[in-house]
Amino acid sequence: MDRAAEWLAYQAAKHWLFIVNLGVALFLLPTILAPILMSAGLTKPAKAIYTLYSFACHQLPERSFFLSSRLYYSLDQIREAMGPDADNILKRRAFVGNPEMGYKIAICQRDFAIYFSILIAGLAFALVRNTLDPLPFKAFLILCIPIAVDGLTQLFGLRESTPPGRVFSGSLFGVGLVWTLYPRLEMAFREAREILEERWRTGSGK
């Protein structure tokens with residue numbers, strides 16, 4: 001590895017948390033920007049965002065947050081707004097809202113809760129990165145139980161999940177993921193930095 005590559009690797013290892021937090025923020029920002037653009041009449045860039053994020057999320061409007069006077073709508077309210085088209089799940093996925101209802105965020109409530117909690121927990125981790133022990137994997141699996149139960153019972157039609165349930169289970173998963181992985185990443189990147197610093201100190205990397 002030449003010196004320039006070593007320097008880049010060192011900077012990545014030193015600033016990995018900023019890079020990850022920035023990446024999560026950049027992923028999340030367009031999902032909120034889409035309904036704002038729709039409200040401003042900029043439909044083409046807004047719909048481009050909806051289309052892009054449709055590959056990552058089902059975007060069902062009855063399971064999504066809206067930027068409007070109401071934060072979310074029930075399936076019956078979506079049916080009332082869409083009419084017969086609401087019976088077609090593909091058309092329902094493509095329904096982004098209207099001026100009366102407002103417009104939906106480009107990912108569902110559960111996904112938004114996951115990524116938002118990852119971002120908030122990642123920012124908070126910056127304050128405790130040198131002292132926080134990683135969460136044991138068994139404990140993380142326990143934190144995954146609510147999202148598994150909430151999602152699977154909804155998937156198989158046993159019950160309809162609620163917005164608070166989606167937010168709670170998604171947030172618990174996101175925070176648990178950060179607590180499990182980030183301290184381990186910090187230790188790994190710290191070790192990588194120390195190895196490079198030792199190489200430079202002794203001149204063994206020349």
# chains A, B, ... in the order shown; residues from 1 in each chain; ligands from 1
$ residues_around --residues "Phe95 of chain A" --least-positions-apart "2" --cutoff "10 Å" --atoms "only C-alpha atoms" --output "list in words"
Tyr50, Gln59, Leu60, Pro61, Ile78, Ala81, Met82, Asp85, Ala86, Ile89, Leu90, Lys91, Arg92, Arg93, Gly97, Asn98, Tyr103 and Lys104 of chain A
$ write_last_selection --atoms "N, CA and C atoms" --output "PDB file, in the first residue's frame"
ATOM      1  N   TYR A  50     -39.801   9.406  -5.594  1.00  0.00           N
ATOM      2  CA  TYR A  50     -40.730   8.319  -5.253  1.00  0.00           C
ATOM      3  C   TYR A  50     -40.389   7.049  -6.028  1.00  0.00           C
ATOM      4  N   GLN A  59     -44.010   1.613   0.063  1.00  0.00           N
ATOM      5  CA  GLN A  59     -44.608   2.953  -0.035  1.00  0.00           C
ATOM      6  C   GLN A  59     -46.144   2.951   0.016  1.00  0.00           C
ATOM      7  N   LEU A  60     -46.750   1.967   0.643  1.00  0.00           N
ATOM      8  CA  LEU A  60     -48.204   1.973   0.757  1.00  0.00           C
ATOM      9  C   LEU A  60     -48.639   3.203   1.550  1.00  0.00           C
ATOM     10  N   PRO A  61     -49.568   3.980   1.029  1.00  0.00           N
ATOM     11  CA  PRO A  61     -49.913   5.252   1.681  1.00  0.00           C
ATOM     12  C   PRO A  61     -50.535   5.086   3.068  1.00  0.00           C
ATOM     13  N   ILE A  78     -57.747   6.286   2.683  1.00  0.00           N
ATOM     14  CA  ILE A  78     -57.067   6.208   1.392  1.00  0.00           C
ATOM     15  C   ILE A  78     -58.046   5.730   0.315  1.00  0.00           C
ATOM     16  N   ALA A  81     -60.221   8.524  -0.781  1.00  0.00           N
ATOM     17  CA  ALA A  81     -59.533   9.491  -1.641  1.00  0.00           C
ATOM     18  C   ALA A  81     -59.270   8.937  -3.041  1.00  0.00           C
ATOM     19  N   MET A  82     -58.985   7.637  -3.128  1.00  0.00           N
ATOM     20  CA  MET A  82     -58.603   7.047  -4.408  1.00  0.00           C
ATOM     21  C   MET A  82     -59.781   6.479  -5.184  1.00  0.00           C
ATOM     22  N   ASP A  85     -59.612   2.616  -7.525  1.00  0.00           N
ATOM     23  CA  ASP A  85     -58.192   2.333  -7.750  1.00  0.00           C
ATOM     24  C   ASP A  85     -57.500   1.812  -6.495  1.00  0.00           C
ATOM     25  N   ALA A  86     -58.062   2.083  -5.328  1.00  0.00           N
ATOM     26  CA  ALA A  86     -57.428   1.667  -4.079  1.00  0.00           C
ATOM     27  C   ALA A  86     -57.389   0.155  -3.934  1.00  0.00           C
ATOM     28  N   ILE A  89     -53.251  -2.854  -5.530  1.00  0.00           N
ATOM     29  CA  ILE A  89     -52.142  -2.517  -4.630  1.00  0.00           C
ATOM     30  C   ILE A  89     -51.042  -1.740  -5.350  1.00  0.00           C
ATOM     31  N   LEU A  90     -50.844  -1.993  -6.634  1.00  0.00           N
ATOM     32  CA  LEU A  90     -49.813  -1.254  -7.373  1.00  0.00           C
ATOM     33  C   LEU A  90     -50.203   0.205  -7.530  1.00  0.00           C
ATOM     34  N   LYS A  91     -51.486   0.459  -7.796  1.00  0.00           N
ATOM     35  CA  LYS A  91     -51.955   1.840  -7.908  1.00  0.00           C
ATOM     36  C   LYS A  91     -51.933   2.523  -6.546  1.00  0.00           C
ATOM     37  N   ARG A  92     -52.193   1.736  -5.497  1.00  0.00           N
ATOM     38  CA  ARG A  92     -52.149   2.317  -4.151  1.00  0.00           C
ATOM     39  C   ARG A  92     -50.719   2.684  -3.777  1.00  0.00           C
ATOM     40  N   ARG A  93     -49.767   1.854  -4.151  1.00  0.00           N
ATOM     41  CA  ARG A  93     -48.358   2.176  -3.907  1.00  0.00           C
ATOM     42  C   ARG A  93     -47.963   3.462  -4.617  1.00  0.00           C
ATOM     43  N   GLY A  97     -50.550  11.078  -2.759  1.00  0.00           N
ATOM     44  CA  GLY A  97     -51.344  12.036  -2.023  1.00  0.00           C
ATOM     45  C   GLY A  97     -51.989  13.030  -2.971  1.00  0.00           C
ATOM     46  N   ASN A  98     -52.508  14.097  -2.412  1.00  0.00           N
ATOM     47  CA  ASN A  98     -53.117  15.151  -3.220  1.00  0.00           C
ATOM     48  C   ASN A  98     -53.081  16.454  -2.416  1.00  0.00           C
ATOM     49  N   TYR A 103     -48.938  15.124   1.019  1.00  0.00           N
ATOM     50  CA  TYR A 103     -48.185  14.125   0.265  1.00  0.00           C
ATOM     51  C   TYR A 103     -47.348  13.274   1.206  1.00  0.00           C
ATOM     52  N   LYS A 104     -47.224  11.997   0.819  1.00  0.00           N
ATOM     53  CA  LYS A 104     -46.555  11.044   1.705  1.00  0.00           C
ATOM     54  C   LYS A 104     -45.041  11.147   1.594  1.00  0.00           C
TER      55      LYS A 104
END
$ closest_atom_pairs --of "segment 94-194 of chain A" --to "segment 64-71 of chain A" --cutoff "7 Å" --atoms "only C-alpha atoms" --output "JSON lines"
{"residue": "A:Met101", "atom": "CA", "partner": "A:Ser68", "partner_atom": "CA", "distance": 6.6}
{"residue": "A:Gly102", "atom": "CA", "partner": "A:Ser68", "partner_atom": "CA", "distance": 4.7}
{"residue": "A:Tyr103", "atom": "CA", "partner": "A:Phe66", "partner_atom": "CA", "distance": 5.3}
{"residue": "A:Lys104", "atom": "CA", "partner": "A:Phe66", "partner_atom": "CA", "distance": 4.0}
{"residue": "A:Ile105", "atom": "CA", "partner": "A:Phe65", "partner_atom": "CA", "distance": 5.7}
{"residue": "A:Ile107", "atom": "CA", "partner": "A:Ser64", "partner_atom": "CA", "distance": 6.6}
{"residue": "A:Cys108", "atom": "CA", "partner": "A:Ser64", "partner_atom": "CA", "distance": 4.3}
{"residue": "A:Gln109", "atom": "CA", "partner": "A:Ser64", "partner_atom": "CA", "distance": 4.8}
$ write_last_selection --atoms "C-alpha atoms" --output "PDB file, in the first residue's frame"
ATOM      1  CA  MET A 101     -54.487  15.286   2.003  1.00  0.00           C
ATOM      2  CA  GLY A 102     -50.918  16.394   1.615  1.00  0.00           C
ATOM      3  CA  TYR A 103     -48.185  14.125   0.265  1.00  0.00           C
ATOM      4  CA  LYS A 104     -46.555  11.044   1.705  1.00  0.00           C
ATOM      5  CA  ILE A 105     -42.936  10.615   2.688  1.00  0.00           C
ATOM      6  CA  ILE A 107     -40.701   5.447   2.569  1.00  0.00           C
ATOM      7  CA  CYS A 108     -43.115   3.767   4.953  1.00  0.00           C
ATOM      8  CA  GLN A 109     -43.464   4.576   8.646  1.00  0.00           C
TER       9      GLN A 109
END
$ select_by_dssp --residues "chain A" --states "helix (DSSP H, G or I)" --output "number ranges by chain"
A: 3-14, 16-39, 43-53, 61-63, 75-87, 89-94, 109-128, 137-155, 163-202
$ closest_residue --among "A:Leu177, A:Val20, A:Ile49, A:Ala113" --to "Ala34 of chain A" --atoms "only C-alpha atoms"
A:Ile49
$ atom_distance --atom1 "atom CA of His15 of chain A" --atom2 "atom CA of Pro30 of chain A"
23.7 Å
